[in-house]
There are 2 protein chains.
Amino acid sequence: MKDIIKQEPTCEQELIAIKDSLEILGGKWKLRIMRHLNNHVAENNTFKKIQREVEGISAKMLSKELQDLETNLLVTRTVMNTRPVTVSYAITEYGTSVFPVTETLVQWGLNHREKIKV
Amino acid sequence: MKDIIKQEPTCEQELIAIKDSLEILGGKWKLRIMRHLNNHVAENNTFKKIQREVEGISAKMLSKELQDLETNLLVTRTVMNTRPVTVSYAITEYGTSVFPVTETLVQWGLNHREKIKV
DNA sequence: GTAACCGGTTACCTTTTGTTAACCGATGAT
DNA sequence: ATCATCGGTTAACAAAAGGTAACCGGTTAC
């Protein structure tokens, strides 16, 4: 007699959902990269450009994080036929679903900075 | 001639804000603990109870994470004069400001699970 | 007295994360 | 010919995060 109505998640399911999210988006860099790509969605985001603008990230980490994001279909990697060859990274349609997450983190971070200033 | 109007944060400021947030809320456990305390705000959240309900966390990690959260004024620790002594952890007023963050992560996690099921 | 529960701490270890520096082949600029 | 730029990879290493197990004092139940 189960209804088709979507059930509210239980508390346990919520904690599992957070765990799932953090497995894909957790760590120091992924959400920052996602936000950057979202903020520059119309541009040509080459490897070096991302590395310059996501402050502090090393080539090795950027390479690894972009691969992870590509694996989870959040980002695409496109080799451009320019000379010299450049590679362009772009957020996918699905990747834009991460926006609310980064947005709440931005807001919380700004608010927290205000708070501790006092 | 600066206006008092609140400025939109620049892209760089946004990335810094995310970094700030993750320094306080990042890692495997903090957001899960915060969500749990938020979901059980009316209850007596003892150490053991939290440990049972935030699945997989060890005493060591729970102890450390709760201390970190307390330091950042997101959680309070209260020793109850029960016998044997129990300790009750509660989310602070300020701690509830983290709710939007956990909420977007819950939603994203649930949605992602749906997506990869297909 | 013995065992179990509460709320942890400590030491030891592994895994993950991250850094630095060197190096690669290709292209383009001098 | 030489050097710089792009887009990385690799190796060696250090630091941070996390897990496991033993242990602590105190209390209560048997």
# chains A, B, ... in the order shown; residues from 1 in each chain; ligands from 1
$ interface_residues --of "chain B" --to "chain C" --cutoff "10 Å" --atoms "only C-alpha atoms (C1' of nucleotides)" --output "list in words"
Thr46, Phe47, Lys48, Ala59, Lys60, Leu62, Ser63, Arg83, Pro84, Val85, Thr86 and Val87 of chain B
$ interface_residues --of "chain D" --to "chain B" --cutoff "12 Å" --atoms "only C-alpha atoms (C1' of nucleotides)" --output "MDAnalysis selection string"
chainID D and resid 16:21 25:28
$ closest_atom_pairs --of "chain B" --to "chain A" --cutoff "6 Å" --atoms "only C-alpha atoms" --output "JSON lines"
{"residue": "B:Glu14", "atom": "CA", "partner": "A:Val106", "partner_atom": "CA", "distance": 5.7}
{"residue": "B:Leu15", "atom": "CA", "partner": "A:Arg32", "partner_atom": "CA", "distance": 5.8}
{"residue": "B:Ala17", "atom": "CA", "partner": "A:Gly109", "partner_atom": "CA", "distance": 4.5}
{"residue": "B:Ile18", "atom": "CA", "partner": "A:Val106", "partner_atom": "CA", "distance": 5.1}
{"residue": "B:Asp20", "atom": "CA", "partner": "A:Gly109", "partner_atom": "CA", "distance": 5.6}
{"residue": "B:Ser21", "atom": "CA", "partner": "A:Gly109", "partner_atom": "CA", "distance": 4.8}
{"residue": "B:Arg32", "atom": "CA", "partner": "A:Leu15", "partner_atom": "CA", "distance": 5.8}
{"residue": "B:Val101", "atom": "CA", "partner": "A:Thr104", "partner_atom": "CA", "distance": 5.3}
{"residue": "B:Thr104", "atom": "CA", "partner": "A:Val101", "partner_atom": "CA", "distance": 5.3}
{"residue": "B:Leu105", "atom": "CA", "partner": "A:Ile18", "partner_atom": "CA", "distance": 5.5}
{"residue": "B:Val106", "atom": "CA", "partner": "A:Ala17", "partner_atom": "CA", "distance": 5.1}
{"residue": "B:Gly109", "atom": "CA", "partner": "A:Ala17", "partner_atom": "CA", "distance": 4.4}
{"residue": "B:Leu110", "atom": "CA", "partner": "A:Ala17", "partner_atom": "CA", "distance": 5.6}
$ atom_distance --atom1 "atom C1' of DG8 of chain D" --atom2 "atom CA of Leu37 of chain A"
19.4 Å
$ select_by_dssp --residues "segment 17-118 of chain A" --states "alpha helix (DSSP H)" --output "MDAnalysis selection string"
chainID A and resid 17:25 30:39 47:53 59:71 99:117
$ write_last_selection --atoms "C-alpha atoms" --output "CSV table (one decimal), in the first residue's frame"
chain,number,residue,atom,x,y,z
A,17,ALA,CA,23.0,12.1,1.6
A,18,ILE,CA,25.5,14.5,3.2
A,19,LYS,CA,28.1,11.7,3.2
A,20,ASP,CA,27.4,11.0,-0.5
A,21,SER,CA,27.7,14.7,-1.4
A,22,LEU,CA,31.0,15.0,0.5
A,23,GLU,CA,32.5,12.0,-1.1
A,24,ILE,CA,32.1,13.7,-4.5
A,25,LEU,CA,32.4,17.4,-3.6
A,30,LYS,CA,36.5,20.8,-5.7
A,31,LEU,CA,33.9,23.3,-4.6
A,32,ARG,CA,36.2,26.2,-5.3
A,33,ILE,CA,36.9,24.9,-8.8
A,34,MET,CA,33.2,24.3,-9.4
A,35,ARG,CA,32.4,27.9,-8.3
A,36,HIS,CA,35.1,29.3,-10.5
A,37,LEU,CA,33.9,27.4,-13.5
A,38,ASN,CA,30.3,28.5,-12.7
A,39,ASN,CA,31.4,32.2,-12.4
A,47,PHE,CA,44.3,24.7,-17.2
A,48,LYS,CA,46.7,27.6,-16.6
A,49,LYS,CA,43.9,30.1,-16.2
A,50,ILE,CA,42.2,28.0,-13.6
A,51,GLN,CA,45.4,27.5,-11.8
A,52,ARG,CA,46.1,31.2,-11.7
A,53,GLU,CA,42.6,32.1,-10.5
A,59,ALA,CA,49.3,21.7,-11.0
A,60,LYS,CA,49.2,18.2,-9.6
A,61,MET,CA,46.1,18.8,-7.4
A,62,LEU,CA,44.3,20.7,-10.1
A,63,SER,CA,44.9,17.9,-12.6
A,64,LYS,CA,43.7,15.3,-10.1
A,65,GLU,CA,40.6,17.3,-9.0
A,66,LEU,CA,39.6,18.0,-12.6
A,67,GLN,CA,39.8,14.3,-13.4
A,68,ASP,CA,37.6,13.5,-10.4
A,69,LEU,CA,35.1,16.1,-11.4
A,70,GLU,CA,35.1,14.8,-15.0
A,71,THR,CA,34.6,11.2,-13.8
A,99,PHE,CA,25.6,26.0,-7.5
A,100,PRO,CA,23.3,26.1,-4.5
A,101,VAL,CA,25.9,24.3,-2.4
A,102,THR,CA,28.6,26.8,-3.3
A,103,GLU,CA,26.2,29.6,-2.8
A,104,THR,CA,25.3,28.7,0.7
A,105,LEU,CA,29.0,28.2,1.5
A,106,VAL,CA,29.8,31.7,0.1
A,107,GLN,CA,27.0,33.2,2.1
A,108,TRP,CA,28.0,31.4,5.3
A,109,GLY,CA,31.7,32.3,4.8
A,110,LEU,CA,30.9,36.0,4.3
A,111,ASN,CA,28.6,36.1,7.2
A,112,HIS,CA,31.1,34.3,9.4
A,113,ARG,CA,33.8,36.8,8.5
A,114,GLU,CA,31.5,39.6,9.5
A,115,LYS,CA,30.7,37.9,12.8
A,116,ILE,CA,34.2,37.3,14.0
A,117,LYS,CA,35.3,40.8,13.0
$ atom_distance --atom1 "atom CA of Gly95 of chain B" --atom2 "atom CA of Thr76 of chain B"
9.5 Å
$ atom_distance --atom1 "atom CA of Thr96 of chain A" --atom2 "atom CA of Val79 of chain A"
21.4 Å
$ select_by_dssp --residues "chain B" --states "strand (DSSP E or B)" --output "MDAnalysis selection string"
chainID B and resid 45:46 75:80 86:91
$ decode --residues "segment 5-118 of chain A" --atoms "C-alpha atoms" --output "PDB file, in the first residue's frame"
ATOM      1  CA  ILE A   5       4.171  10.360  -2.926  1.00  0.00           C
ATOM      2  CA  LYS A   6       7.773  11.280  -2.383  1.00  0.00           C
ATOM      3  CA  GLN A   7       8.675  10.604   1.234  1.00  0.00           C
ATOM      4  CA  GLU A   8      10.532  13.064   3.391  1.00  0.00           C
ATOM      5  CA  PRO A   9      13.972  11.666   4.011  1.00  0.00           C
ATOM      6  CA  THR A  10      14.588  10.363   7.520  1.00  0.00           C
ATOM      7  CA  CYS A  11      17.362  11.834   9.616  1.00  0.00           C
ATOM      8  CA  GLU A  12      19.538   8.848   8.808  1.00  0.00           C
ATOM      9  CA  GLN A  13      18.906   9.257   5.103  1.00  0.00           C
ATOM     10  CA  GLU A  14      19.819  12.907   5.383  1.00  0.00           C
ATOM     11  CA  LEU A  15      23.142  12.055   6.983  1.00  0.00           C
ATOM     12  CA  ILE A  16      23.796   9.492   4.264  1.00  0.00           C
ATOM     13  CA  ALA A  17      22.976  12.105   1.633  1.00  0.00           C
ATOM     14  CA  ILE A  18      25.495  14.506   3.165  1.00  0.00           C
ATOM     15  CA  LYS A  19      28.058  11.725   3.200  1.00  0.00           C
ATOM     16  CA  ASP A  20      27.389  11.002  -0.478  1.00  0.00           C
ATOM     17  CA  SER A  21      27.746  14.658  -1.382  1.00  0.00           C
ATOM     18  CA  LEU A  22      30.983  15.047   0.511  1.00  0.00           C
ATOM     19  CA  GLU A  23      32.455  11.976  -1.140  1.00  0.00           C
ATOM     20  CA  ILE A  24      32.079  13.700  -4.492  1.00  0.00           C
ATOM     21  CA  LEU A  25      32.439  17.372  -3.577  1.00  0.00           C
ATOM     22  CA  GLY A  26      34.445  17.224  -0.352  1.00  0.00           C
ATOM     23  CA  GLY A  27      38.039  18.280   0.183  1.00  0.00           C
ATOM     24  CA  LYS A  28      39.859  21.524  -0.166  1.00  0.00           C
ATOM     25  CA  TRP A  29      39.474  22.256  -3.844  1.00  0.00           C
ATOM     26  CA  LYS A  30      36.499  20.778  -5.691  1.00  0.00           C
ATOM     27  CA  LEU A  31      33.859  23.266  -4.617  1.00  0.00           C
ATOM     28  CA  ARG A  32      36.205  26.152  -5.268  1.00  0.00           C
ATOM     29  CA  ILE A  33      36.898  24.872  -8.770  1.00  0.00           C
ATOM     30  CA  MET A  34      33.196  24.344  -9.407  1.00  0.00           C
ATOM     31  CA  ARG A  35      32.380  27.853  -8.281  1.00  0.00           C
ATOM     32  CA  HIS A  36      35.103  29.285 -10.452  1.00  0.00           C
ATOM     33  CA  LEU A  37      33.850  27.435 -13.524  1.00  0.00           C
ATOM     34  CA  ASN A  38      30.316  28.547 -12.749  1.00  0.00           C
ATOM     35  CA  ASN A  39      31.409  32.158 -12.437  1.00  0.00           C
ATOM     36  CA  HIS A  40      33.257  31.985 -15.754  1.00  0.00           C
ATOM     37  CA  VAL A  41      30.870  29.821 -17.674  1.00  0.00           C
ATOM     38  CA  ALA A  42      31.093  31.849 -20.882  1.00  0.00           C
ATOM     39  CA  GLU A  43      34.866  31.863 -20.957  1.00  0.00           C
ATOM     40  CA  ASN A  44      37.590  29.604 -22.144  1.00  0.00           C
ATOM     41  CA  ASN A  45      38.858  28.062 -18.933  1.00  0.00           C
ATOM     42  CA  THR A  46      42.259  26.700 -19.706  1.00  0.00           C
ATOM     43  CA  PHE A  47      44.332  24.744 -17.241  1.00  0.00           C
ATOM     44  CA  LYS A  48      46.735  27.606 -16.558  1.00  0.00           C
ATOM     45  CA  LYS A  49      43.944  30.121 -16.250  1.00  0.00           C
ATOM     46  CA  ILE A  50      42.165  28.033 -13.636  1.00  0.00           C
ATOM     47  CA  GLN A  51      45.424  27.490 -11.812  1.00  0.00           C
ATOM     48  CA  ARG A  52      46.076  31.206 -11.681  1.00  0.00           C
ATOM     49  CA  GLU A  53      42.600  32.072 -10.491  1.00  0.00           C
ATOM     50  CA  VAL A  54      41.962  29.330  -7.965  1.00  0.00           C
ATOM     51  CA  GLU A  55      44.609  30.634  -5.652  1.00  0.00           C
ATOM     52  CA  GLY A  56      47.083  28.275  -4.127  1.00  0.00           C
ATOM     53  CA  ILE A  57      46.345  25.138  -6.091  1.00  0.00           C
ATOM     54  CA  SER A  58      49.262  23.217  -7.570  1.00  0.00           C
ATOM     55  CA  ALA A  59      49.294  21.674 -11.040  1.00  0.00           C
ATOM     56  CA  LYS A  60      49.191  18.222  -9.560  1.00  0.00           C
ATOM     57  CA  MET A  61      46.133  18.845  -7.418  1.00  0.00           C
ATOM     58  CA  LEU A  62      44.304  20.721 -10.146  1.00  0.00           C
ATOM     59  CA  SER A  63      44.941  17.909 -12.560  1.00  0.00           C
ATOM     60  CA  LYS A  64      43.681  15.327 -10.096  1.00  0.00           C
ATOM     61  CA  GLU A  65      40.626  17.275  -8.993  1.00  0.00           C
ATOM     62  CA  LEU A  66      39.579  18.016 -12.567  1.00  0.00           C
ATOM     63  CA  GLN A  67      39.839  14.325 -13.386  1.00  0.00           C
ATOM     64  CA  ASP A  68      37.636  13.464 -10.409  1.00  0.00           C
ATOM     65  CA  LEU A  69      35.064  16.054 -11.426  1.00  0.00           C
ATOM     66  CA  GLU A  70      35.114  14.789 -15.008  1.00  0.00           C
ATOM     67  CA  THR A  71      34.554  11.234 -13.786  1.00  0.00           C
ATOM     68  CA  ASN A  72      31.449  12.410 -11.957  1.00  0.00           C
ATOM     69  CA  LEU A  73      30.177  14.224 -15.048  1.00  0.00           C
ATOM     70  CA  LEU A  74      30.385  17.638 -13.427  1.00  0.00           C
ATOM     71  CA  VAL A  75      33.017  18.991 -15.806  1.00  0.00           C
ATOM     72  CA  THR A  76      34.074  18.417 -19.402  1.00  0.00           C
ATOM     73  CA  ARG A  77      37.567  18.533 -20.809  1.00  0.00           C
ATOM     74  CA  THR A  78      38.016  19.694 -24.381  1.00  0.00           C
ATOM     75  CA  VAL A  79      41.278  19.837 -26.300  1.00  0.00           C
ATOM     76  CA  MET A  80      41.144  22.847 -28.587  1.00  0.00           C
ATOM     77  CA  ASN A  81      42.930  22.849 -31.923  1.00  0.00           C
ATOM     78  CA  THR A  82      44.760  26.054 -31.246  1.00  0.00           C
ATOM     79  CA  ARG A  83      48.478  26.422 -31.561  1.00  0.00           C
ATOM     80  CA  PRO A  84      49.870  25.693 -29.155  1.00  0.00           C
ATOM     81  CA  VAL A  85      47.228  23.246 -28.025  1.00  0.00           C
ATOM     82  CA  THR A  86      45.090  24.511 -25.177  1.00  0.00           C
ATOM     83  CA  VAL A  87      42.630  22.550 -23.099  1.00  0.00           C
ATOM     84  CA  SER A  88      39.340  24.020 -22.058  1.00  0.00           C
ATOM     85  CA  TYR A  89      37.416  22.913 -19.000  1.00  0.00           C
ATOM     86  CA  ALA A  90      33.725  23.637 -18.689  1.00  0.00           C
ATOM     87  CA  ILE A  91      31.038  22.963 -16.158  1.00  0.00           C
ATOM     88  CA  THR A  92      28.332  20.617 -17.431  1.00  0.00           C
ATOM     89  CA  GLU A  93      24.604  21.206 -17.254  1.00  0.00           C
ATOM     90  CA  TYR A  94      24.565  18.722 -14.379  1.00  0.00           C
ATOM     91  CA  GLY A  95      27.520  20.494 -12.798  1.00  0.00           C
ATOM     92  CA  THR A  96      25.440  23.624 -12.412  1.00  0.00           C
ATOM     93  CA  SER A  97      23.350  21.691  -9.870  1.00  0.00           C
ATOM     94  CA  VAL A  98      26.218  22.239  -7.460  1.00  0.00           C
ATOM     95  CA  PHE A  99      25.608  25.987  -7.515  1.00  0.00           C
ATOM     96  CA  PRO A 100      23.253  26.075  -4.491  1.00  0.00           C
ATOM     97  CA  VAL A 101      25.876  24.291  -2.428  1.00  0.00           C
ATOM     98  CA  THR A 102      28.620  26.758  -3.262  1.00  0.00           C
ATOM     99  CA  GLU A 103      26.198  29.632  -2.842  1.00  0.00           C
ATOM    100  CA  THR A 104      25.297  28.693   0.735  1.00  0.00           C
ATOM    101  CA  LEU A 105      28.979  28.231   1.520  1.00  0.00           C
ATOM    102  CA  VAL A 106      29.806  31.651   0.080  1.00  0.00           C
ATOM    103  CA  GLN A 107      27.043  33.237   2.133  1.00  0.00           C
ATOM    104  CA  TRP A 108      28.040  31.420   5.295  1.00  0.00           C
ATOM    105  CA  GLY A 109      31.694  32.320   4.836  1.00  0.00           C
ATOM    106  CA  LEU A 110      30.940  36.006   4.260  1.00  0.00           C
ATOM    107  CA  ASN A 111      28.621  36.083   7.237  1.00  0.00           C
ATOM    108  CA  HIS A 112      31.132  34.323   9.444  1.00  0.00           C
ATOM    109  CA  ARG A 113      33.840  36.786   8.521  1.00  0.00           C
ATOM    110  CA  GLU A 114      31.506  39.627   9.509  1.00  0.00           C
ATOM    111  CA  LYS A 115      30.713  37.889  12.754  1.00  0.00           C
ATOM    112  CA  ILE A 116      34.229  37.284  13.973  1.00  0.00           C
ATOM    113  CA  LYS A 117      35.266  40.810  12.957  1.00  0.00           C
ATOM    114  CA  VAL A 118      33.268  42.124  15.913  1.00  0.00           C
TER     115      VAL A 118
END
